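J.: Data file upload_29.txt (compact mmCIF, C-alpha atoms) is appended below.
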```
# COMPACT_ATOMS: atom_id res chain seq x y z
CA MET A 1237 -3.22 16.31 -23.68
CA LYS A 1238 -0.46 18.54 -24.96
CA LYS A 1239 2.54 16.83 -26.50
CA MET A 1240 6.05 17.56 -25.35
CA GLN A 1241 9.02 18.24 -27.55
CA MET A 1242 11.86 15.95 -26.53
CA THR A 1243 15.33 14.88 -27.57
CA LEU A 1244 16.55 11.33 -27.27
CA THR A 1245 19.95 10.15 -28.43
CA VAL A 1246 19.40 6.54 -29.41
CA ASN A 1247 22.22 4.34 -30.65
CA GLY A 1248 24.31 7.42 -31.28
CA GLU A 1249 21.69 9.26 -33.30
CA ALA A 1250 19.82 12.31 -31.98
CA HIS A 1251 16.04 12.28 -32.43
CA GLU A 1252 13.68 15.20 -31.93
CA LEU A 1253 10.18 13.99 -31.30
CA LEU A 1254 6.80 14.85 -29.89
CA ALA A 1255 5.19 12.63 -27.28
CA GLU A 1256 2.66 12.91 -24.51
CA PRO A 1257 4.30 12.89 -21.07
CA ARG A 1258 2.39 9.70 -20.21
CA GLU A 1259 3.86 7.74 -23.10
CA LEU A 1260 6.21 5.06 -21.86
CA LEU A 1261 9.72 4.98 -23.22
CA ILE A 1262 9.22 1.46 -24.61
CA HIS A 1263 6.29 2.68 -26.71
CA VAL A 1264 8.20 5.66 -28.03
CA LEU A 1265 11.17 3.48 -28.98
CA ARG A 1266 9.03 0.86 -30.69
CA GLU A 1267 6.32 2.97 -32.27
CA LYS A 1268 7.92 6.35 -32.96
CA LEU A 1269 11.50 5.28 -33.66
CA ASP A 1270 10.71 1.82 -35.09
CA LEU A 1271 13.17 0.17 -32.75
CA THR A 1272 11.31 -3.07 -32.10
CA GLY A 1273 14.26 -4.88 -30.55
CA PRO A 1274 13.25 -3.99 -26.99
CA HIS A 1275 10.17 -6.11 -26.34
CA ILE A 1276 7.06 -5.63 -24.26
CA GLY A 1277 6.84 -8.73 -22.10
CA CYS A 1278 5.14 -8.38 -18.74
CA GLU A 1279 4.84 -4.59 -18.87
CA THR A 1280 5.05 -4.61 -15.07
CA SER A 1281 8.83 -4.17 -14.57
CA HIS A 1282 9.45 -7.84 -13.82
CA CYS A 1283 10.56 -9.64 -16.97
CA GLY A 1284 13.29 -7.39 -18.37
CA ALA A 1285 12.41 -7.94 -22.06
CA CYS A 1286 12.22 -4.14 -22.48
CA THR A 1287 15.69 -3.56 -20.99
CA ILE A 1288 17.67 -0.77 -22.60
CA ASP A 1289 20.78 1.15 -21.61
CA MET A 1290 20.03 4.70 -20.45
CA ASN A 1291 22.84 7.04 -19.42
CA GLY A 1292 25.06 4.05 -18.64
CA ARG A 1293 22.52 2.12 -16.59
CA SER A 1294 20.34 -0.88 -17.40
CA VAL A 1295 16.75 0.28 -17.27
CA LYS A 1296 13.35 -1.32 -17.84
CA SER A 1297 11.86 0.97 -20.46
CA CYS A 1298 8.28 -0.10 -19.63
CA THR A 1299 8.64 1.71 -16.30
CA VAL A 1300 10.08 4.99 -17.53
CA PHE A 1301 8.08 7.79 -19.09
CA ALA A 1302 9.60 9.12 -22.29
CA ALA A 1303 9.48 12.54 -20.63
CA GLN A 1304 11.85 11.27 -17.92
CA ALA A 1305 14.22 10.14 -20.66
CA ASN A 1306 14.23 13.55 -22.35
CA GLY A 1307 17.89 14.37 -22.97
CA ALA A 1308 19.07 10.84 -22.26
CA ASP A 1309 21.60 8.76 -24.13
CA ILE A 1310 20.04 5.39 -24.94
CA THR A 1311 21.36 2.16 -26.40
CA THR A 1312 19.03 -0.59 -27.57
CA ILE A 1313 19.88 -4.02 -28.95
CA GLU A 1314 19.92 -2.40 -32.43
CA GLY A 1315 22.93 -0.36 -31.31
CA LEU A 1316 25.02 -3.34 -30.23
CA GLY A 1317 25.49 -5.29 -33.44
CA ALA A 1318 24.11 -5.80 -36.92
CA PRO A 1319 23.44 -8.77 -39.17
CA GLY A 1320 26.84 -9.83 -40.46
CA ALA A 1321 28.61 -7.89 -37.70
CA LEU A 1322 27.30 -9.43 -34.51
CA HIS A 1323 28.36 -8.20 -31.10
CA PRO A 1324 30.43 -10.84 -29.24
CA LEU A 1325 27.44 -11.34 -26.91
CA GLN A 1326 25.13 -12.00 -29.87
CA GLU A 1327 27.70 -14.37 -31.35
CA ALA A 1328 28.03 -16.18 -28.00
CA PHE A 1329 24.26 -16.48 -27.50
CA ARG A 1330 24.04 -18.11 -30.95
CA GLU A 1331 27.02 -20.37 -30.36
CA HIS A 1332 25.91 -21.54 -26.91
CA HIS A 1333 22.18 -21.78 -27.58
CA GLY A 1334 21.47 -18.91 -25.19
CA LEU A 1335 18.09 -18.46 -26.84
CA GLN A 1336 15.21 -20.58 -28.01
CA CYS A 1337 12.11 -18.52 -28.80
CA GLY A 1338 14.21 -15.35 -28.66
CA PHE A 1339 11.65 -13.11 -27.02
CA CYS A 1340 13.77 -12.30 -23.97
CA THR A 1341 17.04 -12.16 -25.93
CA PRO A 1342 17.27 -8.43 -26.75
CA GLY A 1343 16.75 -7.58 -23.08
CA MET A 1344 19.14 -10.33 -21.99
CA ILE A 1345 21.91 -9.14 -24.29
CA THR A 1346 21.41 -5.45 -23.55
CA ARG A 1347 21.55 -6.17 -19.81
CA ALA A 1348 24.55 -8.50 -20.22
CA HIS A 1349 26.33 -5.79 -22.20
CA ARG A 1350 26.05 -3.39 -19.25
CA LEU A 1351 26.88 -6.14 -16.74
CA LEU A 1352 30.18 -6.83 -18.53
CA GLN A 1353 31.06 -3.16 -18.30
CA GLU A 1354 30.25 -3.13 -14.59
CA ASN A 1355 32.22 -6.35 -14.12
CA PRO A 1356 34.35 -7.54 -17.06
CA ASN A 1357 35.30 -10.79 -15.29
CA PRO A 1358 32.12 -12.10 -13.72
CA SER A 1359 31.84 -15.50 -12.07
CA GLU A 1360 28.85 -17.70 -12.86
CA GLU A 1361 27.31 -16.48 -9.60
CA ASP A 1362 27.93 -12.83 -10.52
CA ILE A 1363 26.15 -13.41 -13.83
CA ARG A 1364 23.15 -15.08 -12.22
CA PHE A 1365 22.88 -12.22 -9.71
CA GLY A 1366 23.48 -9.53 -12.31
CA MET A 1367 20.95 -11.00 -14.75
CA ALA A 1368 18.27 -11.56 -12.11
CA GLY A 1369 16.04 -8.87 -13.60
CA ASN A 1370 15.62 -10.76 -16.88
CA LEU A 1371 13.31 -13.74 -17.17
CA CYS A 1372 13.52 -16.51 -19.76
CA ARG A 1373 10.82 -19.15 -20.12
CA CYS A 1374 12.73 -21.40 -22.54
CA THR A 1375 16.35 -21.98 -21.71
CA GLY A 1376 16.46 -22.59 -17.97
CA TYR A 1377 19.22 -19.94 -17.99
CA GLN A 1378 22.09 -22.44 -18.14
CA ASN A 1379 23.05 -21.58 -21.70
CA ILE A 1380 22.52 -17.87 -21.16
CA VAL A 1381 25.07 -17.97 -18.36
CA LYS A 1382 27.45 -19.98 -20.56
CA ALA A 1383 27.04 -17.51 -23.40
CA ILE A 1384 27.80 -14.51 -21.18
CA LEU A 1385 30.87 -16.24 -19.71
CA ALA A 1386 32.08 -17.01 -23.23
CA ALA A 1387 31.43 -13.48 -24.45
CA ALA A 1388 33.31 -12.04 -21.45
CA ALA A 1389 36.32 -14.24 -22.25
CA GLU A 1390 36.19 -13.26 -25.93
CA MET A 1391 35.83 -9.54 -25.20
CA ASN A 1392 38.68 -9.63 -22.68
CA ALA A 1393 40.91 -11.48 -25.18
CA VAL A 1394 40.21 -8.88 -27.85
CA LYS A 1395 40.92 -6.10 -25.36
CA GLU A 1396 44.21 -7.70 -24.30
CA ALA A 1397 45.29 -8.24 -27.89
CA ALA A 1398 44.65 -4.56 -28.57
CA GLU A 1399 46.83 -3.44 -25.65
CA MET B 1198 -1.06 -0.20 -19.86
CA ILE B 1199 -1.25 3.53 -20.43
CA PRO B 1200 -1.66 5.80 -17.45
CA ALA B 1201 -4.09 8.70 -17.38
CA ALA B 1202 -2.76 11.93 -18.85
CA PHE B 1203 -0.71 14.24 -16.67
CA GLU B 1204 1.47 17.28 -16.98
CA TYR B 1205 5.16 16.76 -16.52
CA HIS B 1206 7.46 19.09 -14.60
CA ARG B 1207 11.20 18.81 -14.21
CA PRO B 1208 12.41 21.51 -11.80
CA THR B 1209 16.13 22.06 -11.27
CA ASP B 1210 15.99 23.16 -7.65
CA ILE B 1211 14.01 22.33 -4.52
CA ALA B 1212 12.35 25.75 -4.33
CA SER B 1213 10.73 25.35 -7.75
CA ALA B 1214 9.69 21.78 -6.98
CA LEU B 1215 8.01 23.03 -3.78
CA ALA B 1216 6.33 25.88 -5.66
CA THR B 1217 4.86 23.45 -8.23
CA LEU B 1218 3.79 21.10 -5.46
CA ARG B 1219 2.04 23.96 -3.73
CA GLU B 1220 0.46 25.32 -6.91
CA PHE B 1221 -1.23 22.04 -7.81
CA GLY B 1222 -1.87 20.70 -4.30
CA ASP B 1223 -3.52 17.28 -4.21
CA GLU B 1224 -3.12 16.83 -7.96
CA ALA B 1225 0.67 16.87 -7.80
CA ARG B 1226 3.12 14.15 -6.80
CA VAL B 1227 6.90 14.11 -6.88
CA VAL B 1228 8.59 11.19 -8.58
CA ALA B 1229 12.09 9.91 -7.83
CA GLY B 1230 12.94 6.62 -9.58
CA GLY B 1231 9.24 5.98 -10.12
CA HIS B 1232 9.44 2.22 -9.80
CA SER B 1233 6.68 2.16 -7.19
CA LEU B 1234 4.66 5.11 -8.52
CA ILE B 1235 4.72 4.43 -12.27
CA PRO B 1236 3.33 0.87 -11.94
CA MET B 1237 0.51 2.30 -9.82
CA MET B 1238 -0.16 4.97 -12.45
CA LYS B 1239 -0.17 2.32 -15.20
CA LEU B 1240 -2.74 0.34 -13.24
CA ARG B 1241 -4.64 3.61 -12.78
CA MET B 1242 -4.54 3.07 -9.05
CA ALA B 1243 -2.80 6.43 -8.73
CA ALA B 1244 -4.24 9.38 -10.61
CA ILE B 1245 -1.82 12.25 -10.82
CA GLY B 1246 -2.48 15.50 -12.65
CA HIS B 1247 1.01 16.90 -12.27
CA LEU B 1248 4.11 14.77 -12.03
CA ILE B 1249 7.15 16.55 -10.62
CA ASP B 1250 10.33 14.73 -11.63
CA LEU B 1251 13.17 15.34 -9.15
CA GLN B 1252 15.99 13.95 -11.30
CA ASP B 1253 17.61 17.31 -12.17
CA ILE B 1254 17.83 18.63 -8.60
CA ALA B 1255 21.52 18.44 -7.71
CA ASP B 1256 20.86 19.12 -4.01
CA LEU B 1257 19.04 15.78 -3.72
CA LYS B 1258 22.06 13.78 -4.85
CA GLY B 1259 25.22 12.63 -3.18
CA ILE B 1260 26.40 10.73 -0.12
CA ARG B 1261 28.25 12.69 2.54
CA ILE B 1262 30.18 11.03 5.35
CA ASP B 1263 31.43 13.39 8.00
CA GLY B 1264 33.09 11.59 10.91
CA ASN B 1265 30.35 9.35 12.31
CA THR B 1266 27.52 11.07 10.48
CA VAL B 1267 26.18 9.83 7.17
CA ARG B 1268 23.84 11.91 5.03
CA ILE B 1269 22.35 10.44 1.87
CA GLY B 1270 20.46 12.58 -0.64
CA ALA B 1271 16.96 11.35 -1.46
CA MET B 1272 17.78 10.80 -5.14
CA VAL B 1273 20.71 8.44 -4.51
CA THR B 1274 19.86 5.15 -6.23
CA GLN B 1275 20.15 1.70 -4.71
CA GLN B 1276 22.84 0.97 -7.28
CA GLU B 1277 24.82 4.01 -6.12
CA LEU B 1278 24.45 2.91 -2.48
CA ILE B 1279 25.80 -0.53 -3.41
CA GLY B 1280 28.75 0.94 -5.30
CA ASP B 1281 29.83 3.49 -2.70
CA ALA B 1282 32.92 2.07 -0.98
CA ALA B 1283 33.10 4.75 1.73
CA LEU B 1284 29.44 4.23 2.64
CA THR B 1285 29.94 0.48 2.76
CA ARG B 1286 32.89 0.93 5.14
CA ALA B 1287 30.85 3.27 7.35
CA ALA B 1288 27.48 1.49 7.20
CA PRO B 1289 27.68 -1.92 5.54
CA LEU B 1290 24.04 -2.61 6.48
CA LEU B 1291 22.88 -0.35 3.63
CA ARG B 1292 24.73 -2.25 0.93
CA GLU B 1293 23.60 -5.60 2.35
CA THR B 1294 20.00 -4.37 2.24
CA ALA B 1295 20.13 -2.67 -1.15
CA LEU B 1296 21.47 -5.86 -2.75
CA GLN B 1297 18.29 -7.62 -1.62
CA ILE B 1298 15.95 -5.05 -3.15
CA ALA B 1299 14.25 -5.92 -6.44
CA ASP B 1300 16.64 -6.62 -9.34
CA PRO B 1301 19.58 -4.85 -11.04
CA GLN B 1302 17.49 -2.73 -13.42
CA VAL B 1303 15.16 -1.59 -10.65
CA ARG B 1304 18.11 -0.83 -8.35
CA ALA B 1305 19.63 1.28 -11.13
CA VAL B 1306 16.65 3.63 -10.94
CA GLY B 1307 15.04 3.14 -7.53
CA THR B 1308 16.16 5.63 -4.88
CA ILE B 1309 16.58 5.62 -1.12
CA GLY B 1310 14.28 8.65 -0.86
CA GLY B 1311 11.48 6.96 -2.77
CA ASN B 1312 11.94 3.77 -0.80
CA VAL B 1313 11.59 5.48 2.58
CA ALA B 1314 9.02 8.15 1.63
CA ASN B 1315 6.56 5.91 -0.17
CA GLY B 1316 5.26 4.32 3.03
CA ASP B 1317 4.74 0.91 1.44
CA PRO B 1318 5.12 -1.69 4.22
CA GLY B 1319 7.01 -3.84 1.71
CA ASN B 1320 9.85 -1.37 1.19
CA ASP B 1321 13.05 -2.51 2.88
CA MET B 1322 14.83 0.73 3.79
CA PRO B 1323 12.25 2.00 6.32
CA ALA B 1324 13.08 -0.80 8.78
CA VAL B 1325 16.79 -0.29 8.15
CA MET B 1326 16.40 3.42 8.87
CA GLN B 1327 14.52 2.61 12.09
CA CYS B 1328 17.20 0.11 13.05
CA LEU B 1329 19.87 2.82 12.58
CA ASP B 1330 17.69 5.44 14.34
CA ALA B 1331 17.96 7.59 11.20
CA THR B 1332 16.47 11.03 10.72
CA PHE B 1333 14.55 12.12 7.63
CA THR B 1334 14.83 15.70 6.39
CA LEU B 1335 11.58 17.16 5.10
CA THR B 1336 11.53 20.44 3.22
CA GLY B 1337 8.34 22.40 2.75
CA PRO B 1338 7.14 25.92 2.15
CA GLY B 1339 7.85 26.79 5.80
CA GLY B 1340 11.41 25.50 5.72
CA THR B 1341 13.09 22.31 6.78
CA ARG B 1342 12.26 19.96 9.64
CA GLU B 1343 13.57 16.62 10.77
CA VAL B 1344 11.57 13.56 11.73
CA LYS B 1345 12.93 10.37 13.24
CA ALA B 1346 12.40 7.28 11.09
CA ARG B 1347 10.90 5.67 14.19
CA ASP B 1348 8.19 8.38 14.27
CA PHE B 1349 7.63 8.71 10.51
CA TYR B 1350 5.32 5.81 9.61
CA GLU B 1351 1.67 6.08 10.64
CA ALA B 1352 -0.11 3.49 8.49
CA ALA B 1353 0.36 1.90 5.06
CA TYR B 1354 1.24 4.78 2.68
CA VAL B 1355 0.55 7.30 5.45
CA THR B 1356 3.58 9.07 6.86
CA ALA B 1357 4.47 12.18 8.83
CA ARG B 1358 5.36 13.94 5.56
CA ALA B 1359 2.85 16.65 4.71
CA ASP B 1360 1.54 16.83 1.12
CA GLU B 1361 3.44 20.02 0.42
CA GLU B 1362 6.75 18.63 1.71
CA ILE B 1363 9.54 16.74 -0.05
CA LEU B 1364 11.75 14.23 1.73
CA THR B 1365 15.18 15.51 0.78
CA ALA B 1366 17.68 13.37 2.72
CA VAL B 1367 18.20 10.64 5.27
CA SER B 1368 20.93 10.85 7.89
CA PHE B 1369 22.17 8.70 10.73
CA THR B 1370 25.10 8.19 13.07
CA VAL B 1371 27.34 5.22 12.47
CA SER B 1372 27.74 2.98 15.48
CA GLY B 1373 30.02 0.19 14.25
CA GLY B 1374 29.56 -3.32 15.61
CA GLY B 1375 27.75 -6.13 13.82
CA HIS B 1376 24.91 -5.78 11.35
CA ALA B 1377 22.60 -7.91 9.21
CA TYR B 1378 19.60 -7.58 6.92
CA GLU B 1379 17.92 -10.91 6.42
CA LYS B 1380 15.02 -11.21 3.97
CA GLN B 1381 12.76 -14.04 2.89
CA LYS B 1382 11.09 -13.45 -0.46
CA ARG B 1383 9.28 -15.76 -2.85
CA LYS B 1384 11.33 -14.71 -5.85
CA ILE B 1385 13.65 -11.99 -7.14
CA GLY B 1386 11.73 -8.75 -7.35
CA ASP B 1387 9.19 -9.68 -4.70
CA TYR B 1388 8.68 -7.83 -1.47
CA ALA B 1389 9.60 -9.60 1.76
CA THR B 1390 7.45 -12.29 3.29
CA ALA B 1391 9.46 -11.26 6.34
CA ALA B 1392 12.70 -9.32 6.78
CA ALA B 1393 14.71 -8.02 9.71
CA ALA B 1394 17.46 -5.46 10.20
CA VAL B 1395 19.75 -5.90 13.19
CA THR B 1396 22.73 -4.01 14.62
CA LEU B 1397 24.60 -5.23 17.69
CA GLN B 1398 27.53 -3.94 19.75
CA LYS B 1399 29.78 -6.32 21.64
CA ASP B 1400 31.71 -5.51 24.80
CA GLY B 1401 33.97 -8.45 25.60
CA THR B 1402 31.58 -11.38 25.35
CA VAL B 1403 28.45 -9.42 26.17
CA CYS B 1404 26.01 -7.60 23.93
CA SER B 1405 26.17 -3.96 25.00
CA ALA B 1406 23.66 -2.45 22.57
CA ALA B 1407 21.15 -3.77 20.06
CA SER B 1408 18.59 -2.53 17.59
CA ILE B 1409 16.07 -4.68 15.71
CA ALA B 1410 13.50 -3.60 13.12
CA MET B 1411 11.29 -5.58 10.75
CA THR B 1412 9.84 -5.22 7.25
CA ASN B 1413 6.38 -6.17 5.95
CA LEU B 1414 5.20 -7.69 9.21
CA SER B 1415 2.73 -4.93 10.00
CA ASP B 1416 1.22 -2.00 8.07
CA VAL B 1417 4.30 -0.01 9.12
CA PRO B 1418 7.92 -1.01 9.77
CA VAL B 1419 8.32 -2.29 13.32
CA TRP B 1420 11.22 -1.33 15.57
CA SER B 1421 11.14 -3.62 18.58
CA LYS B 1422 12.68 -2.14 21.71
CA ALA B 1423 11.67 -5.22 23.67
CA ALA B 1424 13.62 -7.48 21.30
CA ALA B 1425 16.73 -5.32 21.65
CA ASP B 1426 16.36 -5.20 25.45
CA ALA B 1427 16.19 -8.99 25.52
CA LEU B 1428 19.71 -9.16 24.04
CA VAL B 1429 21.50 -6.37 25.90
CA GLY B 1430 23.59 -7.73 28.78
CA THR B 1431 23.48 -11.29 27.44
CA ALA B 1432 26.06 -13.33 25.53
CA CYS B 1433 23.52 -13.89 22.73
CA SER B 1434 23.19 -17.60 23.45
CA HIS B 1435 20.62 -19.67 21.57
CA ALA B 1436 18.17 -19.12 24.45
CA ASP B 1437 18.86 -15.38 24.63
CA ILE B 1438 18.16 -15.03 20.92
CA GLY B 1439 15.00 -17.08 21.45
CA ASN B 1440 13.84 -14.51 24.01
CA ALA B 1441 14.57 -11.67 21.59
CA VAL B 1442 12.67 -13.44 18.80
CA ALA B 1443 9.68 -13.97 21.10
CA ALA B 1444 9.74 -10.29 22.05
CA ALA B 1445 9.97 -9.23 18.38
CA LEU B 1446 7.08 -11.52 17.42
CA ALA B 1447 4.97 -9.93 20.14
CA ASP B 1448 5.42 -6.55 18.41
CA ILE B 1449 4.33 -7.50 14.87
CA ALA B 1450 0.88 -7.73 13.32
CA PRO B 1451 1.17 -9.45 9.94
CA THR B 1452 -1.91 -9.90 7.78
CA ALA B 1453 -2.77 -12.76 5.42
CA ASP B 1454 -2.15 -12.08 1.73
CA ASN B 1455 -0.74 -13.87 -1.32
CA ARG B 1456 2.51 -14.41 0.59
CA GLY B 1457 0.72 -16.62 3.07
CA PRO B 1458 -1.51 -16.82 6.13
CA VAL B 1459 -0.64 -15.08 9.39
CA GLU B 1460 0.64 -18.25 11.05
CA PHE B 1461 3.10 -18.85 8.21
CA LYS B 1462 4.34 -15.28 8.28
CA ARG B 1463 4.96 -15.45 12.02
CA HIS B 1464 6.85 -18.70 11.50
CA VAL B 1465 9.01 -17.17 8.74
CA ALA B 1466 9.55 -14.02 10.80
CA GLY B 1467 10.86 -16.07 13.73
CA ILE B 1468 13.45 -17.76 11.53
CA ILE B 1469 14.47 -14.56 9.75
CA ILE B 1470 14.88 -12.59 12.99
CA ARG B 1471 17.01 -15.35 14.52
CA ARG B 1472 19.23 -15.53 11.44
CA ALA B 1473 19.64 -11.76 11.37
CA ILE B 1474 20.64 -11.66 15.06
CA GLU B 1475 23.04 -14.58 14.67
CA ARG B 1476 24.73 -13.02 11.64
CA ALA B 1477 24.98 -9.59 13.25
CA TRP B 1478 26.45 -11.16 16.41
CA SER B 1479 29.01 -13.12 14.39
CA ARG B 1480 30.18 -9.80 12.91
CA ALA B 1481 30.07 -7.76 16.14
```
In structure tokens, what does this structure look like?

T.:
Amino acid sequence: MKKMQMTLTVNGEAHELLAEPRELLIHVLREKLDLTGPHIGCETSHCGACTIDMNGRSVKSCTVFAAQANGADITTIEGLGAPGALHPLQEAFREHHGLQCGFCTPGMITRAHRLLQENPNPSEEDIRFGMAGNLCRCTGYQNIVKAILAAAAEMNAVKEAAE
Amino acid sequence: MIPAAFEYHRPTDIASALATLREFGDEARVVAGGHSLIPMMKLRMAAIGHLIDLQDIADLKGIRIDGNTVRIGAMVTQQELIGDAALTRAAPLLRETALQIADPQVRAVGTIGGNVANGDPGNDMPAVMQCLDATFTLTGPGGTREVKARDFYEAAYVTARADEEILTAVSFTVSGGGHAYEKQKRKIGDYATAAAAVTLQKDGTVCSAASIAMTNLSDVPVWSKAAADALVGTACSHADIGNAVAAALADIAPTADNRGPVEFKRHVAGIIIRRAIERAWSRA
């Protein structure tokens, strides 16, 4: 099958690449762009481990063809922080034990990042509802919720200080 | 899970989408959010030679509220429905329903058009559209026609839409009064074991109009006129609601599957319908 020329802006960098239309976005990100932060968990749009940010929305990249993402602006976990310069959400997940095995964590944090832009002051209930598309088999969610609450408080404090 | 190869098309207007659909006939399918279709393609339960992505067609987007009439473009996502304050004021039933569909990531992509056009008995919006007596706009090579939601569903995945047509919009008249969408599901992201959409009008202490439709309790959504008739003219007492529930249950035909045997589904349906009526009445 003929490959398609496509452009993806990922973590602020524009990439020109060739992919078959049937290639899923998660595969293109992981195998063509070497962004292995987004994980393949269930591959059936349930678990949320493959969550990325696409054009300002949280999306499960296992259920999007790369062709549909042609022209899109994408953020993966790699675009949120770096070793030594963690994003407040990454810092809070570490501090509050929001991860154990870590498999779901990139999807959790990428989703939480969007959630805090949709609602910068979420209640515990808002977080549980807003994170319902991400499954974790280790933590029982309690510490994930705590971490997101803490990150929200930290990010709001930084924002206030800047104003 | 890699789907079979296909050719990808991304038209920018309805006319070109229709032309591609016509050119490739049975081999072509339109895709909106794709969160029903893509999983089927990955499982190779749907083989599609030509995938026509509707995302760049501006005419399929947007929510228009004109007096009592609401028109929603097929490509409006569940997330956009939830976030639209004017729509929520006009027809709060849609937001209440959309919030119970799938999960945040799926709602960010899944559309109202896909939800109603797919014909999956598990989709939630078809019953809501029947409850509201909505009209679907279908555009094909011969022009545009309108089909009532109550006449649209023929069997599971079989609808009144012809292969060469695209469902472009849903529209309905706002009636005010009380509303509810009540859904029992095993977990987040699951389809309903049973769900019911209800709208009720109240005149003094009496129910003056009612509409009741149900999800996933037959191979098509079920609008129960008998259930509505059982409420009109009553004060929606416990016994009146019991009569409406009995009438609704007489109109469904659930089948046993991994959500449970028929007896269980009828039991759940009875509870869900009662709750939906009670909540709608409390808001009427």

J.: Quick check: residues of chain B within 6 Å of chain A, only C-alpha atoms, returned as a compact mmCIF listing (two decimals) with C-alpha atoms, keeping the file's coordinate frame.

T.:
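Output contents, as saved in result_27.txt:
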```txt
# COMPACT_ATOMS: atom_id res chain seq x y z
CA ALA B 1202 -2.76 11.93 -18.85
CA ASP B 1300 16.64 -6.62 -9.34
CA PRO B 1301 19.58 -4.85 -11.04
CA GLN B 1302 17.49 -2.73 -13.42
```

J.: Name all residues at most 10 Å from Ala1391 in chain B (count all atoms listed in the file; drop same-chain ones fewer than 3 positions away) and give them as a list of chain:residue names.

T.: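 In the requested format, the answer is B:Gly1319, B:Glu1379, B:Lys1380, B:Gln1381, B:Lys1382, B:Tyr1388, B:Met1411, B:Thr1412, B:Asn1413, B:Leu1414, B:Ser1415, B:Pro1451, B:Arg1456, B:Lys1462, B:Arg1463, B:His1464, B:Val1465, B:Ala1466, B:Gly1467, B:Ile1468, B:Ile1469, B:Ile1470.
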
J.: List every protein, DNA or RNA residue with an atom no more than 9 Å from (6.9, 19.9, -3.8) in the file's coordinates, counting only C-alpha atoms, and format the result as a list of chain:residue names.

T.: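 Counting only C-alpha atoms, I find these residues within 9 Å of (6.9, 19.9, -3.8): B:Ile1211, B:Ala1212, B:Ser1213, B:Ala1214, B:Leu1215, B:Ala1216, B:Thr1217, B:Leu1218, B:Arg1219, B:Glu1220, B:Gly1222, B:Ala1225, B:Arg1226, B:Val1227, B:Ile1249, B:Thr1336, B:Gly1337, B:Pro1338, B:Asp1360, B:Glu1361, B:Glu1362, B:Ile1363.
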
J.: Quick one: residues within 7 Å of range 1382-1386 of chain A, only C-alpha atoms, excluding same-chain residues fewer than 5 positions away - as a PyMOL selection string?

T.: chain A and resi 1325+1328-1329+1332+1334+1348

J.: List as a list in words the residues having at least one atom at most 6 Å from position (11.2, 7.0, -8.5) as given in the file, counting all atoms listed in the file.

T.: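 Final list of nearby residues, as requested, is Val1228, Ala1229, Gly1230, Gly1231, His1232, Gly1307 and Gly1311 of chain B.
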
J.: Could you pull the residues within 10 Å of Asp1210 in chain B, counting all atoms listed in the file, minus those fewer than 3 positions along the same chain, as a tab-separated table (two decimals) with C-alpha atoms, in the coordinates of the input?

T.:
```
chain	number	residue	atom	x	y	z
B	1207	ARG	CA	11.20	18.81	-14.21
B	1213	SER	CA	10.73	25.35	-7.75
B	1214	ALA	CA	9.69	21.78	-6.98
B	1215	LEU	CA	8.01	23.03	-3.78
B	1251	LEU	CA	13.17	15.34	-9.15
B	1252	GLN	CA	15.99	13.95	-11.30
B	1253	ASP	CA	17.61	17.31	-12.17
B	1254	ILE	CA	17.83	18.63	-8.60
B	1255	ALA	CA	21.52	18.44	-7.71
B	1256	ASP	CA	20.86	19.12	-4.01
B	1257	LEU	CA	19.04	15.78	-3.72
```

J.: Taking all atoms of range 1218-1232 of chain B that appear in the file, build a box with edges along x, y and z, extend it by 3 Å on every side, and state its centre and edge lengths in Å to one decimal, as AutoDock Vina command-line options.

T.:
```
--center_x 4.7 --center_y 13.8 --center_z -6.9 --size_x 22.5 --size_y 29.1 --size_z 12.4
```
